[in-house]
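Before any comments, here is the structure.
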Amino acid sequence: HDAYTALFALQHRGQEACGIAVNNNGVIKCHKDIGLVNEVFNQEILDGMPGTIAVGHVRYSTTGHPSRENAQPVCITHCKGNLAITHNGNLVNAGKLRRQIELSGGIFRSSNDTEVLVYTIVKERLKCASIEEAVLSTMKRIEGAYSLVVMSPRKLIAARDPHGFRPLCIGLLDGDCYVFASETCALDAL
């Protein structure tokens, strides 16, 4: 329920769509749709999403058209596990990366650059020993202003572009739980 509270506090950052992915003992479950936070989630949905790690997103489109497919988090299963990714920003080389992925057999379900980011992370993960290394390798391939949060079955990774153009703040909840958000109002709400 903390993810819902934080997203509600961040609703002003996007009114198009929203979503939350939770990690319950390595199993990632995602719920997302177009609409406001209080329209997409109700108590029954939230009660059906227990977990110890969560990522959430409110969407205001800068790339891609308004649709459920373009809502975040983007959740996928690949040969090395599950991932849920949220992304704020724009990748200026997304078109080039998308074309490379399509030419190697990748099929896209959305029109946003977050899915390009997901494919790139997975491609790097197949070559790297850890998800952290894969995210770092991906950051060397993508260009633009961005912040992102990646949830794997056992880890939560937050990163932003080398120039820090997109906001990403960190907070500590109850002395032992880290919280990442695009604005401190989400931290204040918790």
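Chain labels follow the order of the structure tokens: the first chain is A, the next B, and so on; residue numbering restarts at 1 in every chain, and ligands are counted from 1 in their shown order.
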
**OP:** Could you give me, as a VMD selection string, the residues within 9 Å of A:Phe8, counting only C-alpha atoms and dropping anything in the same chain fewer than 4 positions from it?
**Re:** chain A and resid 3 to 4 12 36 to 38 58 186 189

Output N, CA, C and O atoms for every residue in the selection just made, as a compact mmCIF listing (two decimals), in the first residue's frame.
# COMPACT_ATOMS: atom_id res chain seq x y z
N ALA A 3 3.33 1.87 -2.01
CA ALA A 3 3.51 2.28 -3.41
C ALA A 3 2.31 3.09 -3.89
O ALA A 3 2.46 4.09 -4.59
N TYR A 4 1.12 2.67 -3.51
CA TYR A 4 -0.10 3.40 -3.87
C TYR A 4 -0.07 4.81 -3.28
O TYR A 4 -0.35 5.79 -3.98
N HIS A 12 0.34 14.36 -9.77
CA HIS A 12 0.51 15.57 -10.59
C HIS A 12 1.55 15.40 -11.69
O HIS A 12 1.54 16.14 -12.67
N LEU A 36 -6.37 7.62 -13.61
CA LEU A 36 -5.76 8.14 -12.39
C LEU A 36 -5.50 7.02 -11.40
O LEU A 36 -6.11 5.94 -11.48
N VAL A 37 -4.64 7.26 -10.43
CA VAL A 37 -4.27 6.24 -9.44
C VAL A 37 -5.51 5.66 -8.75
O VAL A 37 -5.65 4.45 -8.64
N ASN A 38 -6.42 6.53 -8.32
CA ASN A 38 -7.61 6.04 -7.60
C ASN A 38 -8.62 5.37 -8.53
O ASN A 38 -9.54 4.71 -8.06
N VAL A 58 3.50 6.87 -12.55
CA VAL A 58 2.40 7.62 -13.13
C VAL A 58 2.91 8.18 -14.43
O VAL A 58 4.04 8.65 -14.52
N ALA A 186 6.62 12.20 -2.59
CA ALA A 186 6.32 10.79 -2.41
C ALA A 186 6.93 10.28 -1.11
O ALA A 186 6.32 9.48 -0.39
N ALA A 189 4.88 11.63 1.84
CA ALA A 189 3.61 10.92 2.00
C ALA A 189 3.78 9.62 2.79
O ALA A 189 2.85 9.16 3.45

Report as CSV: every residue of stretch 93-121 of chain A with an atom at most 12 Å from stretch 82-87 of chain A, its closest pair of atoms, and their distance in Å to one decimal, counting only C-alpha atoms, with rows sorted by chain and ascending residue number.
residue,atom,partner,partner_atom,distance
A:Asn112,CA,A:His87,CA,10.3
A:Asp113,CA,A:His87,CA,8.9
A:Thr114,CA,A:His87,CA,6.2
A:Glu115,CA,A:Ile85,CA,9.0
A:Val116,CA,A:His87,CA,10.9
A:Leu117,CA,A:His87,CA,8.5
A:Val118,CA,A:Ile85,CA,7.1
A:Tyr119,CA,A:Leu83,CA,10.8
A:Thr120,CA,A:Ile85,CA,11.8
A:Ile121,CA,A:Leu83,CA,9.6

Selection above as a file: C-alpha atoms, as a CSV table (one decimal), in the first residue's frame:
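The file below, again-v3.csv, is the result:
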chain,number,residue,atom,x,y,z
A,112,ASN,CA,7.4,4.1,-25.9
A,113,ASP,CA,11.1,4.1,-25.3
A,114,THR,CA,10.8,2.2,-22.0
A,115,GLU,CA,10.4,-1.1,-23.9
A,116,VAL,CA,13.6,-0.3,-25.8
A,117,LEU,CA,15.3,0.2,-22.5
A,118,VAL,CA,13.9,-3.2,-21.3
A,119,TYR,CA,15.1,-5.1,-24.3
A,120,THR,CA,18.5,-3.4,-24.0
A,121,ILE,CA,18.8,-4.4,-20.3

**OP:** Could you give me the residues within stretch 36-184 of chain A that DSSP places in strand (DSSP E), as a ChimeraX atom specification?
**Re:** /A:53-59,74-78,81-91,144-151,156-160,169-173,177-181

Run DSSP on the backbone and tell me which residues of chain A come out as alpha helix (DSSP H); list them as a compact mmCIF listing (two decimals) with C-alpha atoms, in the first residue's frame.
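Final output, states07.txt:
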# COMPACT_ATOMS: atom_id res chain seq x y z
CA ASP A 2 3.03 2.30 0.37
CA ALA A 3 3.51 2.28 -3.41
CA TYR A 4 -0.10 3.40 -3.87
CA THR A 5 0.34 6.22 -1.34
CA ALA A 6 3.54 7.39 -3.02
CA LEU A 7 1.93 7.29 -6.48
CA PHE A 8 -1.06 9.22 -5.21
CA ALA A 9 1.33 11.92 -3.96
CA VAL A 37 -4.27 6.24 -9.44
CA ASN A 38 -7.61 6.04 -7.60
CA GLU A 39 -9.33 4.82 -10.81
CA VAL A 40 -6.81 2.08 -11.60
CA GLN A 43 -8.65 -2.05 -2.12
CA GLU A 44 -9.29 -5.48 -3.63
CA ILE A 45 -6.54 -5.03 -6.23
CA LEU A 46 -4.08 -3.72 -3.64
CA ASP A 47 -4.88 -6.58 -1.23
CA ALA A 94 15.70 4.98 -28.80
CA GLY A 95 14.80 4.83 -32.50
CA LYS A 96 18.23 3.51 -33.45
CA LEU A 97 18.22 0.92 -30.64
CA ARG A 98 14.65 -0.12 -31.47
CA ARG A 99 15.59 -0.72 -35.11
CA GLN A 100 18.59 -2.85 -34.09
CA ILE A 101 16.38 -4.92 -31.78
CA GLU A 102 13.69 -5.37 -34.45
CA LEU A 103 16.28 -6.47 -37.02
CA ASP A 113 11.14 4.11 -25.32
CA THR A 114 10.83 2.22 -22.03
CA GLU A 115 10.37 -1.05 -23.88
CA VAL A 116 13.56 -0.28 -25.83
CA LEU A 117 15.26 0.16 -22.47
CA VAL A 118 13.89 -3.20 -21.26
CA TYR A 119 15.14 -5.06 -24.34
CA THR A 120 18.54 -3.42 -24.00
CA ILE A 121 18.84 -4.40 -20.32
CA VAL A 122 17.82 -7.99 -21.08
CA LYS A 123 20.29 -8.21 -23.98
CA GLU A 124 23.07 -6.95 -21.69
CA ARG A 125 21.92 -9.28 -18.87
CA ILE A 131 21.63 -7.36 -13.11
CA GLU A 132 23.70 -4.46 -11.76
CA GLU A 133 26.32 -5.03 -14.46
CA ALA A 134 23.58 -5.25 -17.09
CA VAL A 135 22.08 -1.91 -16.03
CA LEU A 136 25.53 -0.30 -16.04
CA SER A 137 26.27 -1.70 -19.52
CA THR A 138 22.89 -0.46 -20.71
CA MET A 139 23.63 3.02 -19.42
CA LYS A 140 26.71 3.04 -21.64
CA ARG A 141 24.49 2.33 -24.67
CA THR A 184 10.29 14.26 -2.35
CA CYS A 185 6.50 14.58 -1.98
CA ALA A 186 6.32 10.79 -2.41
CA LEU A 187 8.78 10.38 0.47
CA ASP A 188 6.83 12.89 2.59
CA ALA A 189 3.61 10.92 2.00

**OP:** Please provide the set of residues having any atom within 12 Å of A:Tyr146, restricted to only C-alpha atoms, with same-chain residues fewer than 6 positions apart removed, written as an MDAnalysis selection string.
**Re:** chainID A and resid 86:92 113:114 117 139 158:168 182
